[in-house]
Structure formats: structure tokens, C-alpha cells
Amino acid sequence: MTKSQVSAQIEPMPLIMRWQRLLQLGDLFSNRDHTKDFDGSRASQIHHRVQALAAIYMLVALGWMILDYISMPLVQFQAMVPARSFMAAGFMGLVFWQGRSSSLLLARLRLALLVLIPSAFYVYSAQLLEQSQQIYQYYPLITAVQLAVFPLTLIEGMVLALPVFFSVLLASQMSGYQIPQELMMTLILLVALTLWAQMSQLFMLVSLYRQATRDPLTGLFNRRALFERLQTEVLRADRYLRSVTVLLLDLDRFKRVNDQYGHLVGDKVLQSFAVAAQKAVRNVDLVGRYGGEEFLVILPETDAKHALEVAERIRESCEALLVTTDDGEEVRFTTSIGLAQWQGPEDLAELVERADNALYRAKTAGRNRVEVA
């Protein structure tokens, strides 16, 4: 079979095309398939936007007391001052609450407080003021619209919208005031548009993140993302006295595959190996394309002994792989692996260089084997 026949018969990059079609839909509903790195990046964005909005709301809450003093009877104004003070204090707490900006759990908590603080104030003001005098009835609309600036999943957005609706119903019940139908319909419409805006931001964020961190052929992490994650794991290992090990893998005689069957078959081999390698490791491990036919596996909290078991599992999985062309030809291939456990205080370049030296020994010793640095 000629290379032109192969090009015509093999679908180009089926794995990555399926990945591109499917990655967005599930990711917009929940963060179940989001990586830890992406969750941390999104959490940091949420944290900083909460701080910015909280700072604005704190100043507005304090400044609005002047308008309350001008427009309200003295008794109502005196009753509103503590509520506005507590609200401003709550926003101030969000401004100066540092914590872990990369924690998605804390980011969600901060965002929930940004919703609950004005919602509680709205319920209080509804009981205190005559509805005819109250411009505070628009608080739920403002609270709902503010969520449009955050990249949230559909589930997150719906959960955060619930307190807004609950505050409207609670305020109506406690004050005995009938909610105008126009107000409720406006709120529903704004929440729907807000959910759309949130998911649109998330769609763009996921797309940009994966374009910047993923290899377009295999869907694995690219070299830049690998080193960023490796740096994080090494720092964690150093801080908590844990182990971290890397595997450097190279497909044996891969050039021969490209020369004999064509580059599209070679792409199919790379994709098949990428899938097999990911299945052979844990969810916390990271598999990425280091370059060409080389791959790098990061094994957090794993010493050389246990990493050797993982390496053998990957090697055996690769040895059992079979790529079949549409013409019925079978393509088999193997991998050689170099293994190195981080030894503080060496830097990343030294760690990867030791793994590369071990990989070279595996190649010169006959290929399809694992060597430990």
C-alpha cells in the first residue's frame, strides 16, 4: 500500500477530533472533567473578580447612607444604618480575605457570600420600608446580573441563583407585599441571560486554556504545561518531604513507521499510545507529549520502586497495542522508558536529564525496556 493510499483510507486525527467536539459540552455543565490546573486558574479569576466587586459594593453601601439620610424618615434611617454597616463589613471581609486563591472550593464560598450578603439585606429592607418608597426591590436584579462576570458551569450558576429567588419570595412573605409579575419575569429573564453569559465565558476560558496547554494531535498536555505541573509537584514534594518521579518514554524505531506507512499512520500510532499510557496511570498522574515521539509522565507522591511498576505497565500496554490500517496491515511498536526520582535540591533540568540518560541506556540495551536513573 502506498503512502497516498494510506492518506486516503485513514481518518486524520480521529482522537483529537472527537476530543474537540466533546470537550466543551460536558465542561459547561459541571467541572467533573476539568483538570486541577484549570480549576486553580478559574478559581483565581473568580477570587479576584469577587474582590473587585466587593470593594465597589463596600464603597456604595457606605456612600448610600447619605441618600438614605436625605430620603428617609429619621426612624427608618436609624434602623437602616446597622444593616448597611453590616453589609459594608461583609464586603470588606471579602476584599481582604486572601486564603488560597487557587482553591475552587474557597472561590465558590466567596462567590456565595457575594450573593448572600445583598440578598439578606434585601429581605431586611423589605420588612423595614414601605414598598412604595423602596428602591431596594431592584437588589435581586443587581445580585443576579453581577454573576454574569464569572466563568461558571451551568450547575454552579443555577445553585447561586437560588438564593436570589428565595430572598424575593421570603421578602414577599414577611412583608406581605405582592411581588409584581413584571419584576419576577424580569428576574427570570436576567438569570437566564446571566447563565448564558457565564457559560460563554467558561467556553472561551476552556478553549483558550486547552489550546495553550494541549498537544493538538494526541490531546495530551504539551511540553510547557508539563514543566509547569512538574515545577508544582517538585515544590510540593520539597515542602512536605514527599516523592515525585518522572518517566521519559520514546517510541522505538518510530521513524521506520513513518517511512514505511506514512505520517498519518504514524499519527495514529501516537494517538493509540497516548490513550494506552493514560489508561495505565492514576487520575492524579500527568501524561504529556514531550516532543516528537517522546512522552513524559509525572507521578506525584511516587517513589522509584512504585514508579517502576507503572513504567512496566505502560511498556506492556504498548507492546500489546496493534494499529491496523484500512488495508488490513498490522502495525506493532514498543517503547523504551527512562525513570528518575527527584532528589532535592536538583532542578527540573537535572531531573529530566537523568531520566533522559536512563532512556538512552534503555535504547542502547536493546529497547522495549525500563532503566532507572
# chains A, B, ... in the order shown; residues from 1 in each chain; ligands from 1
>>> residues_around(residues="A:His34", least_positions_apart="5", cutoff="9 Å", atoms="only C-alpha atoms", output="JSON list (two decimals) with N, CA and C atoms, in the first residue's frame")
[["chain", "number", "residue", "atom", "x", "y", "z"],
["A", 27, "ASP", "N", -18.09, 20.08, 29.86],
["A", 27, "ASP", "CA", -17.40, 21.03, 30.70],
["A", 27, "ASP", "C", -18.26, 22.24, 31.04],
["A", 39, "ASP", "N", -8.95, 24.17, 37.20],
["A", 39, "ASP", "CA", -9.76, 24.57, 38.36],
["A", 39, "ASP", "C", -9.06, 25.66, 39.16],
["A", 206, "VAL", "N", -12.09, 27.63, 28.70],
["A", 206, "VAL", "CA", -11.68, 26.24, 28.48],
["A", 206, "VAL", "C", -10.96, 26.11, 27.14]]
>>> residues_around(residues="stretch 338-344 of chain A", least_positions_apart="5", cutoff="6 Å", atoms="only C-alpha atoms", output="PyMOL selection string")
chain A and resi 244-248+304+355+358-359+370-373
>>> write_last_selection(atoms="N, CA and C atoms", output="PDB file, in the first residue's frame")
ATOM      1  N   VAL A 244       8.434  12.396  44.147  1.00  0.00           N
ATOM      2  CA  VAL A 244       7.870  12.615  42.821  1.00  0.00           C
ATOM      3  C   VAL A 244       8.847  12.010  41.820  1.00  0.00           C
ATOM      4  N   THR A 245       8.304  11.275  40.852  1.00  0.00           N
ATOM      5  CA  THR A 245       9.121  10.559  39.881  1.00  0.00           C
ATOM      6  C   THR A 245       8.629  10.876  38.475  1.00  0.00           C
ATOM      7  N   VAL A 246       9.550  10.924  37.525  1.00  0.00           N
ATOM      8  CA  VAL A 246       9.177  11.161  36.132  1.00  0.00           C
ATOM      9  C   VAL A 246       9.606   9.979  35.285  1.00  0.00           C
ATOM     10  N   LEU A 247       8.835   9.732  34.244  1.00  0.00           N
ATOM     11  CA  LEU A 247       9.165   8.732  33.229  1.00  0.00           C
ATOM     12  C   LEU A 247       9.319   9.445  31.906  1.00  0.00           C
ATOM     13  N   LEU A 248      10.397   9.198  31.232  1.00  0.00           N
ATOM     14  CA  LEU A 248      10.603   9.721  29.878  1.00  0.00           C
ATOM     15  C   LEU A 248      10.528   8.550  28.917  1.00  0.00           C
ATOM     16  N   ALA A 304      10.696   5.568  43.311  1.00  0.00           N
ATOM     17  CA  ALA A 304      11.209   4.848  42.145  1.00  0.00           C
ATOM     18  C   ALA A 304      10.675   3.420  42.076  1.00  0.00           C
ATOM     19  N   ALA A 355      16.563  11.310  33.703  1.00  0.00           N
ATOM     20  CA  ALA A 355      15.600  10.407  33.055  1.00  0.00           C
ATOM     21  C   ALA A 355      15.989  10.160  31.604  1.00  0.00           C
ATOM     22  N   ALA A 358      18.800   7.693  31.468  1.00  0.00           N
ATOM     23  CA  ALA A 358      18.283   6.340  31.680  1.00  0.00           C
ATOM     24  C   ALA A 358      17.583   5.828  30.429  1.00  0.00           C
ATOM     25  N   LEU A 359      16.864   6.715  29.742  1.00  0.00           N
ATOM     26  CA  LEU A 359      16.210   6.333  28.489  1.00  0.00           C
ATOM     27  C   LEU A 359      17.250   5.935  27.441  1.00  0.00           C
ATOM     28  N   VAL A 370      12.824  -0.802  30.582  1.00  0.00           N
ATOM     29  CA  VAL A 370      12.831   0.329  31.504  1.00  0.00           C
ATOM     30  C   VAL A 370      14.179   0.359  32.206  1.00  0.00           C
ATOM     31  N   GLU A 371      14.769   1.550  32.267  1.00  0.00           N
ATOM     32  CA  GLU A 371      16.018   1.744  33.008  1.00  0.00           C
ATOM     33  C   GLU A 371      15.792   2.827  34.061  1.00  0.00           C
ATOM     34  N   VAL A 372      16.354   2.603  35.251  1.00  0.00           N
ATOM     35  CA  VAL A 372      16.196   3.544  36.373  1.00  0.00           C
ATOM     36  C   VAL A 372      17.457   4.373  36.500  1.00  0.00           C
ATOM     37  N   ALA A 373      17.281   5.695  36.639  1.00  0.00           N
ATOM     38  CA  ALA A 373      18.438   6.585  36.808  1.00  0.00           C
ATOM     39  C   ALA A 373      19.103   6.325  38.157  1.00  0.00           C
TER      40      ALA A 373
END
>>> residues_around(residues="A:Arg256", least_positions_apart="4", cutoff="12 Å", atoms="only C-alpha atoms", output="list of chain:residue names")
A:Leu251, A:Asp252, A:Gln260, A:Tyr261, A:Gly262, A:His263, A:Val265, A:Gly266, A:Val331, A:Arg332, A:Phe333
>>> atom_distance(atom1="atom CA of A:Ala349", atom2="atom CA of A:Arg229")
13.8 Å
>>> select_by_dssp(residues="stretch 240-366 of chain A", states="strand (DSSP E or B)", output="JSON, numbers by chain")
{"A": [244, 245, 246, 247, 248, 249, 250, 251, 286, 287, 288, 289, 290, 291, 294, 295, 296, 297, 298, 299, 300, 323, 324, 330, 331, 335, 336, 337, 338, 339, 340, 341]}
>>> select_by_dssp(residues="stretch 147-341 of chain A", states="alpha helix (DSSP H)", output="JSON, numbers by chain")
{"A": [154, 155, 156, 157, 158, 159, 160, 161, 162, 163, 164, 165, 166, 167, 168, 169, 170, 171, 172, 173, 174, 175, 181, 182, 183, 184, 185, 186, 187, 188, 189, 190, 191, 192, 193, 194, 195, 196, 197, 198, 199, 200, 201, 202, 203, 204, 205, 206, 207, 208, 209, 210, 211, 212, 213, 223, 224, 225, 226, 227, 228, 229, 230, 231, 232, 233, 234, 235, 236, 237, 238, 239, 240, 254, 255, 256, 257, 258, 259, 260, 261, 263, 264, 265, 266, 267, 268, 269, 270, 271, 272, 273, 274, 275, 276, 277, 278, 279, 304, 305, 306, 307, 308, 309, 310, 311, 312, 313, 314, 315, 316, 317, 318, 319, 320]}
>>> atom_distance(atom1="atom CA of A:Tyr177", atom2="atom CA of A:Tyr138")
14.5 Å
>>> atom_distance(atom1="atom CA of A:Gly40", atom2="atom CA of A:Ala277")
24.9 Å
>>> closest_residue(among="A:His48, A:Arg100, A:Arg84, A:Arg367", to="A:Phe150", atoms="only C-alpha atoms")
A:His48
>>> closest_residue(among="A:Tyr124, A:Arg223, A:Gln45, A:Ser119", to="A:Pro82", atoms="only C-alpha atoms")
A:Tyr124
